[in-house]
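*Asks:* Sharing final-v1.cif below, mmCIF, C-alpha atoms:
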```cif
data_final
#
loop_
_atom_site.label_atom_id
_atom_site.label_comp_id
_atom_site.auth_asym_id
_atom_site.auth_seq_id
_atom_site.Cartn_x
_atom_site.Cartn_y
_atom_site.Cartn_z
CA MET A 1032 10.50 11.97 16.10
CA ASN A 1033 12.84 14.21 14.13
CA LYS A 1034 10.18 16.23 12.28
CA ASN A 1035 7.34 18.30 13.65
CA ILE A 1036 3.74 17.29 13.04
CA VAL A 1037 1.95 20.43 11.90
CA LEU A 1038 -1.85 20.61 11.83
CA ILE A 1039 -3.61 23.19 9.68
CA GLY A 1040 -7.25 23.57 8.72
CA PHE A 1041 -10.31 25.71 9.18
CA MET A 1042 -11.54 26.59 12.67
CA GLY A 1043 -13.52 23.69 14.06
CA SER A 1044 -11.72 21.06 11.98
CA GLY A 1045 -10.40 19.34 15.11
CA LYS A 1046 -6.81 20.58 15.14
CA SER A 1047 -6.58 21.24 18.88
CA VAL A 1048 -8.21 17.99 20.01
CA ILE A 1049 -6.17 15.90 17.57
CA ALA A 1050 -2.94 17.75 18.47
CA ARG A 1051 -3.43 17.07 22.19
CA GLU A 1052 -4.07 13.38 21.55
CA LEU A 1053 -1.06 13.06 19.24
CA GLY A 1054 1.08 14.72 21.91
CA LYS A 1055 -0.10 12.19 24.50
CA ARG A 1056 0.44 9.18 22.27
CA LEU A 1057 3.85 10.29 21.04
CA LYS A 1058 4.88 11.77 24.40
CA VAL A 1059 5.92 15.06 22.80
CA GLN A 1060 5.20 18.72 23.42
CA VAL A 1061 2.14 20.28 21.79
CA VAL A 1062 2.39 23.93 20.81
CA ALA A 1063 -0.82 25.80 19.97
CA THR A 1064 0.01 28.98 18.08
CA ASP A 1065 -3.23 30.69 19.12
CA ASP A 1066 -2.37 30.06 22.79
CA LEU A 1067 1.08 31.58 22.27
CA VAL A 1068 -0.44 34.67 20.64
CA GLU A 1069 -2.85 35.10 23.56
CA ALA A 1070 -0.08 34.60 26.12
CA ARG A 1071 2.21 37.08 24.41
CA GLU A 1072 -0.51 39.74 24.13
CA GLY A 1073 -2.25 39.02 27.42
CA GLN A 1074 -5.55 39.07 25.52
CA ALA A 1075 -7.91 36.58 23.92
CA ILE A 1076 -7.78 36.44 20.13
CA HIS A 1077 -11.22 37.97 19.72
CA GLU A 1078 -10.07 40.90 21.87
CA ILE A 1079 -6.91 41.32 19.73
CA PHE A 1080 -9.08 41.34 16.59
CA ARG A 1081 -11.38 43.93 18.14
CA SER A 1082 -8.74 46.24 19.62
CA LYS A 1083 -5.82 45.93 17.19
CA GLY A 1084 -7.27 44.35 14.06
CA GLU A 1085 -6.74 41.19 12.06
CA ALA A 1086 -3.53 42.44 10.37
CA TYR A 1087 -1.87 42.97 13.76
CA PHE A 1088 -2.95 39.48 14.84
CA ARG A 1089 -1.65 37.90 11.60
CA ASP A 1090 1.73 39.64 11.96
CA LEU A 1091 2.07 38.36 15.51
CA GLU A 1092 0.95 34.87 14.46
CA SER A 1093 3.57 34.88 11.69
CA ALA A 1094 6.35 35.84 14.12
CA ILE A 1095 5.32 32.99 16.41
CA ILE A 1096 5.27 30.55 13.47
CA LYS A 1097 8.86 31.52 12.65
CA GLU A 1098 9.88 30.76 16.24
CA VAL A 1099 8.07 27.45 16.76
CA SER A 1100 8.98 26.11 13.33
CA LEU A 1101 12.64 26.13 14.37
CA GLN A 1102 11.93 23.45 16.97
CA ARG A 1103 11.96 19.73 16.22
CA GLY A 1104 9.90 16.79 17.39
CA ILE A 1105 6.79 18.69 18.48
CA VAL A 1106 3.15 18.85 17.43
CA ILE A 1107 2.14 22.30 16.20
CA ASP A 1108 -1.56 23.22 16.32
CA CYS A 1109 -1.96 26.21 14.00
CA GLY A 1110 -4.73 28.75 13.90
CA GLY A 1111 -7.16 28.43 11.00
CA GLY A 1112 -5.82 31.44 9.11
CA VAL A 1113 -2.13 30.57 9.38
CA VAL A 1114 -2.05 29.92 5.62
CA LEU A 1115 -2.98 33.53 4.81
CA TYR A 1116 0.63 34.75 5.10
CA LYS A 1117 2.66 33.10 2.37
CA GLU A 1118 5.81 32.77 4.49
CA ASN A 1119 4.10 30.62 7.15
CA LEU A 1120 3.74 27.31 5.28
CA PRO A 1121 7.34 27.20 4.00
CA ALA A 1122 8.55 27.95 7.55
CA LEU A 1123 6.37 25.16 8.97
CA LYS A 1124 7.49 22.70 6.29
CA ARG A 1125 11.19 23.34 6.94
CA ASN A 1126 11.20 21.06 10.02
CA GLY A 1127 7.72 19.62 9.77
CA ILE A 1128 5.19 17.52 7.95
CA VAL A 1129 2.05 19.58 7.36
CA PHE A 1130 -1.35 17.89 7.64
CA TYR A 1131 -4.50 19.64 6.45
CA LEU A 1132 -7.50 18.49 8.50
CA GLU A 1133 -10.33 18.77 6.01
CA ALA A 1134 -13.94 19.15 7.14
CA THR A 1135 -16.86 20.52 5.14
CA PRO A 1136 -18.28 23.97 5.96
CA GLU A 1137 -21.49 22.32 7.16
CA VAL A 1138 -19.61 20.03 9.58
CA ILE A 1139 -17.53 22.97 10.79
CA TYR A 1140 -20.64 25.07 11.37
CA GLN A 1141 -22.29 22.30 13.41
CA ARG A 1142 -19.18 22.02 15.59
CA ILE A 1143 -18.72 25.72 16.31
CA LYS A 1144 -22.16 27.32 15.98
CA HIS A 1145 -22.55 27.79 19.75
CA GLU A 1146 -19.05 29.17 20.37
CA THR A 1147 -18.89 32.86 21.10
CA HIS A 1148 -15.12 33.45 20.90
CA ARG A 1149 -14.74 33.12 17.11
CA PRO A 1150 -14.16 36.68 15.80
CA LEU A 1151 -14.72 35.82 12.14
CA LEU A 1152 -18.18 34.39 12.86
CA LYS A 1153 -19.75 37.47 14.40
CA THR A 1154 -22.02 37.91 11.40
CA PRO A 1155 -25.73 37.49 10.64
CA ASP A 1156 -24.91 34.50 8.35
CA PRO A 1157 -22.12 32.46 10.02
CA LEU A 1158 -22.52 29.46 7.68
CA GLY A 1159 -22.29 31.75 4.65
CA CYS A 1160 -19.18 33.35 6.15
CA ILE A 1161 -17.64 29.92 6.78
CA LYS A 1162 -18.34 28.86 3.18
CA GLU A 1163 -16.81 32.04 1.79
CA LEU A 1164 -13.66 31.89 3.93
CA TYR A 1165 -13.37 28.15 3.32
CA GLN A 1166 -13.37 28.65 -0.46
CA GLN A 1167 -10.78 31.42 -0.18
CA ARG A 1168 -8.46 29.30 1.96
CA LEU A 1169 -8.93 25.94 0.23
CA PRO A 1170 -6.12 26.41 -2.34
CA LEU A 1171 -3.80 27.44 0.50
CA TYR A 1172 -4.75 24.47 2.67
CA GLY A 1173 -4.15 22.30 -0.38
CA GLN A 1174 -0.43 23.10 -0.15
CA ALA A 1175 -0.14 20.82 2.88
CA ASP A 1176 1.94 17.65 2.57
CA HIS A 1177 -1.11 15.49 3.36
CA THR A 1178 -4.87 15.97 3.52
CA ILE A 1179 -6.72 14.10 6.27
CA ASP A 1180 -10.51 13.67 6.29
CA ALA A 1181 -11.71 15.18 9.57
CA ASN A 1182 -15.47 15.11 8.95
CA ASP A 1183 -16.16 12.23 11.32
CA ALA A 1184 -17.03 12.99 14.93
CA SER A 1185 -14.32 10.56 16.11
CA ILE A 1186 -10.71 11.71 16.17
CA GLU A 1187 -9.38 8.17 15.94
CA GLY A 1188 -9.42 8.00 12.11
CA PRO A 1189 -7.39 11.17 11.57
CA ILE A 1190 -4.95 10.22 14.33
CA VAL A 1191 -4.32 6.78 12.82
CA GLU A 1192 -3.82 8.35 9.35
CA ILE A 1193 -1.34 10.90 10.69
CA LEU A 1194 0.60 8.30 12.67
CA LYS A 1195 0.85 6.07 9.58
CA LYS A 1196 2.42 8.91 7.62
CA VAL A 1197 4.98 9.85 10.24
#
```
Translate this structure into structure tokens?

*Replies:*
Amino acid sequence: MNKNIVLIGFMGSGKSVIARELGKRLKVQVVATDDLVEAREGQAIHEIFRSKGEAYFRDLESAIIKEVSLQRGIVIDCGGGVVLYKENLPALKRNGIVFYLEATPEVIYQRIKHETHRPLLKTPDPLGCIKELYQQRLPLYGQADHTIDANDASIEGPIVEILKKV
């Protein structure tokens, strides 16, 4: 595999689970940008948001994207907001094929409603927040090379679609 497989999409769209499975099937390294941010800072993302703010987190995320996008033949599992900095997608596309895992706000909410580590969902109306952020990010996600339907509970469909395209 000469190109990277890059997964983008809203939190809860299945990026991490699908990335791990793709890595197993293709026998390649999986790099999760959120994990790299946490390792570099020695803090969980929600703690970084709380103590240093979202802008600090996004700057760090962008620096990590620049680094990992230079590699080849890996699966990159990106954080949901990676598209917010305009330099990230071009960097990821340089050596990669970008797949947007699309799931509706309602499906996303059902998947993540019991998770406590999502900093952007600490609000009285998490579904409303998801819908608002989703609408803001949709045009950015739409810049991916391919859109994959990730609404189904099974990861097999998206994995087969991605493998067909690479």

*Asks:* Using all atoms listed in the file, which of A:Gly1040, A:Pro1189, A:Gly1173, A:Pro1136 sits nearest Val1113 in chain A?

*Replies:*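 Answer, going by the shortest atom-to-atom distance: A:Gly1040.
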
*Asks:* Kindly give the distance, in Å, that separates CA of Lys1046 in chain A and CA of Val1138 in chain A, rounded to a single decimal.

*Replies:*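 So the answer is 14.0 Å.
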
*Asks:* Could you check which of A:Gly1045, A:Met1032, A:Glu1085, A:Glu1137 is closest to Ala1184 in chain A, using all atoms listed in the file?

*Replies:*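 Looking at the shortest contact to Ala1184 in chain A, the residue is A:Gly1045.
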
*Asks:* Taking only C-alpha atoms into account, which of A:Thr1064, A:Glu1052, A:Glu1163, A:Leu1152 comes nearest Ile1190 in chain A?

*Replies:* A:Glu1052

*Asks:* Report, in Å to a single decimal, how far apart CA of Glu1118 in chain A and CA of Gln1166 in chain A are.

*Replies:*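 Pair CA of Gln1166 in chain A / CA of Glu1118 in chain A returns 20.2 Å.
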
*Asks:* Decode the PyMOL selection byres ((chain A and resi 1043) around 7) for the given file into explicit residues and return them as a ChimeraX atom specification.

*Replies:* /A:1041-1042,1044-1045,1139,1142-1143

*Asks:* Please list as a ChimeraX atom specification every residue within 8 Å of Val1106 in chain A, counting all atoms listed in the file and excluding residues in the same chain fewer than 4 positions away.

*Replies:* /A:1035-1038,1050,1053-1054,1059-1062

*Asks:* What's the 12 Å shell around Leu1091 in chain A, counting all atoms listed in the file, without same-chain residues fewer than 5 positions away, as a PyMOL selection string?

*Replies:* chain A and resi 1064-1072+1076+1079-1080+1083-1086+1096-1098+1110+1113+1116+1119

*Asks:* With C-alpha atoms kept, could you save the residues just selected as a tab-separated table (two decimals), in the coordinates of the input?

*Replies:*
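Produced file selection.tsv, reproduced below:
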```
chain	number	residue	atom	x	y	z
A	1064	THR	CA	0.01	28.98	18.08
A	1065	ASP	CA	-3.23	30.69	19.12
A	1066	ASP	CA	-2.37	30.06	22.79
A	1067	LEU	CA	1.08	31.58	22.27
A	1068	VAL	CA	-0.44	34.67	20.64
A	1069	GLU	CA	-2.85	35.10	23.56
A	1070	ALA	CA	-0.08	34.60	26.12
A	1071	ARG	CA	2.21	37.08	24.41
A	1072	GLU	CA	-0.51	39.74	24.13
A	1076	ILE	CA	-7.78	36.44	20.13
A	1079	ILE	CA	-6.91	41.32	19.73
A	1080	PHE	CA	-9.08	41.34	16.59
A	1083	LYS	CA	-5.82	45.93	17.19
A	1084	GLY	CA	-7.27	44.35	14.06
A	1085	GLU	CA	-6.74	41.19	12.06
A	1086	ALA	CA	-3.53	42.44	10.37
A	1096	ILE	CA	5.27	30.55	13.47
A	1097	LYS	CA	8.86	31.52	12.65
A	1098	GLU	CA	9.88	30.76	16.24
A	1110	GLY	CA	-4.73	28.75	13.90
A	1113	VAL	CA	-2.13	30.57	9.38
A	1116	TYR	CA	0.63	34.75	5.10
A	1119	ASN	CA	4.10	30.62	7.15
```

*Asks:* Give the answer as one residue: which of A:Leu1132, A:Val1191, A:Leu1115, A:Val1099 has the shortest atom-to-atom distance to Leu1171 in chain A, using only C-alpha atoms?

*Replies:*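 Distance minimum relative to Leu1171 in chain A lands on A:Leu1115.
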
*Asks:* When you count all atoms listed in the file, which of these residues is closest to Arg1125 in chain A: A:Asp1176, A:Pro1170, A:Ile1039, A:His1077?

*Replies:* A:Asp1176

*Asks:* Using all atoms listed in the file, which of the listed residues (A:Arg1103, A:Lys1117, A:Asp1108, A:Asn1033) sits closest to Asp1090 in chain A?

*Replies:*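 Counting all atoms listed in the file, the residue closest to Asp1090 in chain A is A:Lys1117.
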
*Asks:* Between CA of Val1048 in chain A and CA of Arg1149 in chain A, what distance in Å does the model show, to one decimal?

*Replies:* 16.7 Å

*Asks:* Leaving out Leu1158 in chain A and any residue of its chain fewer than 3 positions from it, which residues lie within 7 Å of it when counting all atoms listed in the file, given as number ranges by chain?

*Replies:* A: 1140, 1161-1162

*Asks:* Selected residues, C-alpha atoms, written as a PDB file, in the frame of the given file, please.

*Replies:*
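Output file part.pdb is given in full below:
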```pdb
ATOM      1  CA  TYR A1140     -20.640  25.070  11.370  1.00  0.00           C
ATOM      2  CA  ILE A1161     -17.640  29.920   6.780  1.00  0.00           C
ATOM      3  CA  LYS A1162     -18.340  28.860   3.180  1.00  0.00           C
TER       4      LYS A1162
END
```

*Asks:* Contacts of Asp1180 in chain A at 8 Å or less, counting all atoms listed in the file, minus same-chain residues fewer than 2 places along, as a CSV table (one decimal) with C-alpha atoms, keeping the file's coordinate frame?

*Replies:*
```csv
chain,number,residue,atom,x,y,z
A,1132,LEU,CA,-7.5,18.5,8.5
A,1133,GLU,CA,-10.3,18.8,6.0
A,1134,ALA,CA,-13.9,19.2,7.1
A,1178,THR,CA,-4.9,16.0,3.5
A,1182,ASN,CA,-15.5,15.1,9.0
A,1183,ASP,CA,-16.2,12.2,11.3
A,1189,PRO,CA,-7.4,11.2,11.6
```

*Asks:* Save range 1042-1062 of chain A to disk from that block, N, CA, C and O atoms included, as an mmCIF file, in the first residue's frame.

*Replies:*
```
data_model
loop_
_atom_site.group_PDB
_atom_site.id
_atom_site.type_symbol
_atom_site.label_atom_id
_atom_site.label_comp_id
_atom_site.auth_asym_id
_atom_site.auth_seq_id
_atom_site.Cartn_x
_atom_site.Cartn_y
_atom_site.Cartn_z
ATOM 1 N N MET A 1042 -17.251 12.886 15.547
ATOM 2 C CA MET A 1042 -17.053 11.951 16.657
ATOM 3 C C MET A 1042 -18.189 10.932 16.648
ATOM 4 O O MET A 1042 -19.330 11.265 16.333
ATOM 5 N N GLY A 1043 -17.853 9.686 16.916
ATOM 6 C CA GLY A 1043 -18.871 8.647 16.957
ATOM 7 C C GLY A 1043 -19.238 8.063 15.606
ATOM 8 O O GLY A 1043 -20.127 7.230 15.513
ATOM 9 N N SER A 1044 -18.528 8.474 14.554
ATOM 10 C CA SER A 1044 -18.850 7.948 13.219
ATOM 11 C C SER A 1044 -18.226 6.574 12.967
ATOM 12 O O SER A 1044 -18.531 5.937 11.970
ATOM 13 N N GLY A 1045 -17.355 6.130 13.852
ATOM 14 C CA GLY A 1045 -16.758 4.804 13.712
ATOM 15 C C GLY A 1045 -15.321 4.803 13.222
ATOM 16 O O GLY A 1045 -14.773 3.753 12.895
ATOM 17 N N LYS A 1046 -14.686 5.954 13.194
ATOM 18 C CA LYS A 1046 -13.330 6.060 12.653
ATOM 19 C C LYS A 1046 -12.340 5.127 13.349
ATOM 20 O O LYS A 1046 -11.597 4.407 12.684
ATOM 21 N N SER A 1047 -12.342 5.143 14.669
ATOM 22 C CA SER A 1047 -11.343 4.364 15.417
ATOM 23 C C SER A 1047 -11.536 2.864 15.230
ATOM 24 O O SER A 1047 -10.568 2.131 14.998
ATOM 25 N N VAL A 1048 -12.767 2.402 15.314
ATOM 26 C CA VAL A 1048 -13.047 0.969 15.169
ATOM 27 C C VAL A 1048 -12.709 0.504 13.752
ATOM 28 O O VAL A 1048 -12.071 -0.537 13.555
ATOM 29 N N ILE A 1049 -13.107 1.291 12.768
ATOM 30 C CA ILE A 1049 -12.847 0.930 11.371
ATOM 31 C C ILE A 1049 -11.346 1.004 11.083
ATOM 32 O O ILE A 1049 -10.804 0.131 10.401
ATOM 33 N N ALA A 1050 -10.666 2.006 11.622
ATOM 34 C CA ALA A 1050 -9.213 2.120 11.413
ATOM 35 C C ALA A 1050 -8.490 0.894 11.956
ATOM 36 O O ALA A 1050 -7.614 0.328 11.283
ATOM 37 N N ARG A 1051 -8.845 0.473 13.177
ATOM 38 C CA ARG A 1051 -8.177 -0.695 13.769
ATOM 39 C C ARG A 1051 -8.394 -1.945 12.913
ATOM 40 O O ARG A 1051 -7.477 -2.727 12.695
ATOM 41 N N GLU A 1052 -9.606 -2.130 12.424
ATOM 42 C CA GLU A 1052 -9.903 -3.306 11.612
ATOM 43 C C GLU A 1052 -9.175 -3.247 10.266
ATOM 44 O O GLU A 1052 -8.662 -4.256 9.790
ATOM 45 N N LEU A 1053 -9.131 -2.075 9.654
ATOM 46 C CA LEU A 1053 -8.382 -1.927 8.399
ATOM 47 C C LEU A 1053 -6.899 -2.247 8.624
ATOM 48 O O LEU A 1053 -6.275 -2.922 7.806
ATOM 49 N N GLY A 1054 -6.360 -1.758 9.726
ATOM 50 C CA GLY A 1054 -4.964 -2.038 10.056
ATOM 51 C C GLY A 1054 -4.696 -3.525 10.172
ATOM 52 O O GLY A 1054 -3.695 -4.031 9.661
ATOM 53 N N LYS A 1055 -5.614 -4.241 10.838
ATOM 54 C CA LYS A 1055 -5.467 -5.701 10.973
ATOM 55 C C LYS A 1055 -5.513 -6.384 9.624
ATOM 56 O O LYS A 1055 -4.674 -7.229 9.310
ATOM 57 N N ARG A 1056 -6.514 -6.041 8.834
ATOM 58 C CA ARG A 1056 -6.697 -6.722 7.541
ATOM 59 C C ARG A 1056 -5.570 -6.427 6.564
ATOM 60 O O ARG A 1056 -5.176 -7.297 5.798
ATOM 61 N N LEU A 1057 -5.069 -5.200 6.591
ATOM 62 C CA LEU A 1057 -4.007 -4.820 5.654
ATOM 63 C C LEU A 1057 -2.610 -5.031 6.232
ATOM 64 O O LEU A 1057 -1.619 -4.846 5.539
ATOM 65 N N LYS A 1058 -2.568 -5.378 7.517
ATOM 66 C CA LYS A 1058 -1.297 -5.577 8.226
ATOM 67 C C LYS A 1058 -0.404 -4.336 8.130
ATOM 68 O O LYS A 1058 0.772 -4.414 7.758
ATOM 69 N N VAL A 1059 -1.019 -3.180 8.462
ATOM 70 C CA VAL A 1059 -0.297 -1.914 8.458
ATOM 71 C C VAL A 1059 -0.514 -1.200 9.789
ATOM 72 O O VAL A 1059 -1.434 -1.506 10.539
ATOM 73 N N GLN A 1060 0.330 -0.221 10.032
ATOM 74 C CA GLN A 1060 0.242 0.570 11.258
ATOM 75 C C GLN A 1060 -0.995 1.475 11.220
ATOM 76 O O GLN A 1060 -1.336 2.036 10.171
ATOM 77 N N VAL A 1061 -1.625 1.611 12.371
ATOM 78 C CA VAL A 1061 -2.744 2.540 12.536
ATOM 79 C C VAL A 1061 -2.278 3.659 13.453
ATOM 80 O O VAL A 1061 -1.748 3.413 14.534
ATOM 81 N N VAL A 1062 -2.458 4.896 12.992
ATOM 82 C CA VAL A 1062 -2.074 6.057 13.775
ATOM 83 C C VAL A 1062 -3.340 6.849 14.095
ATOM 84 O O VAL A 1062 -4.046 7.286 13.193
#
```
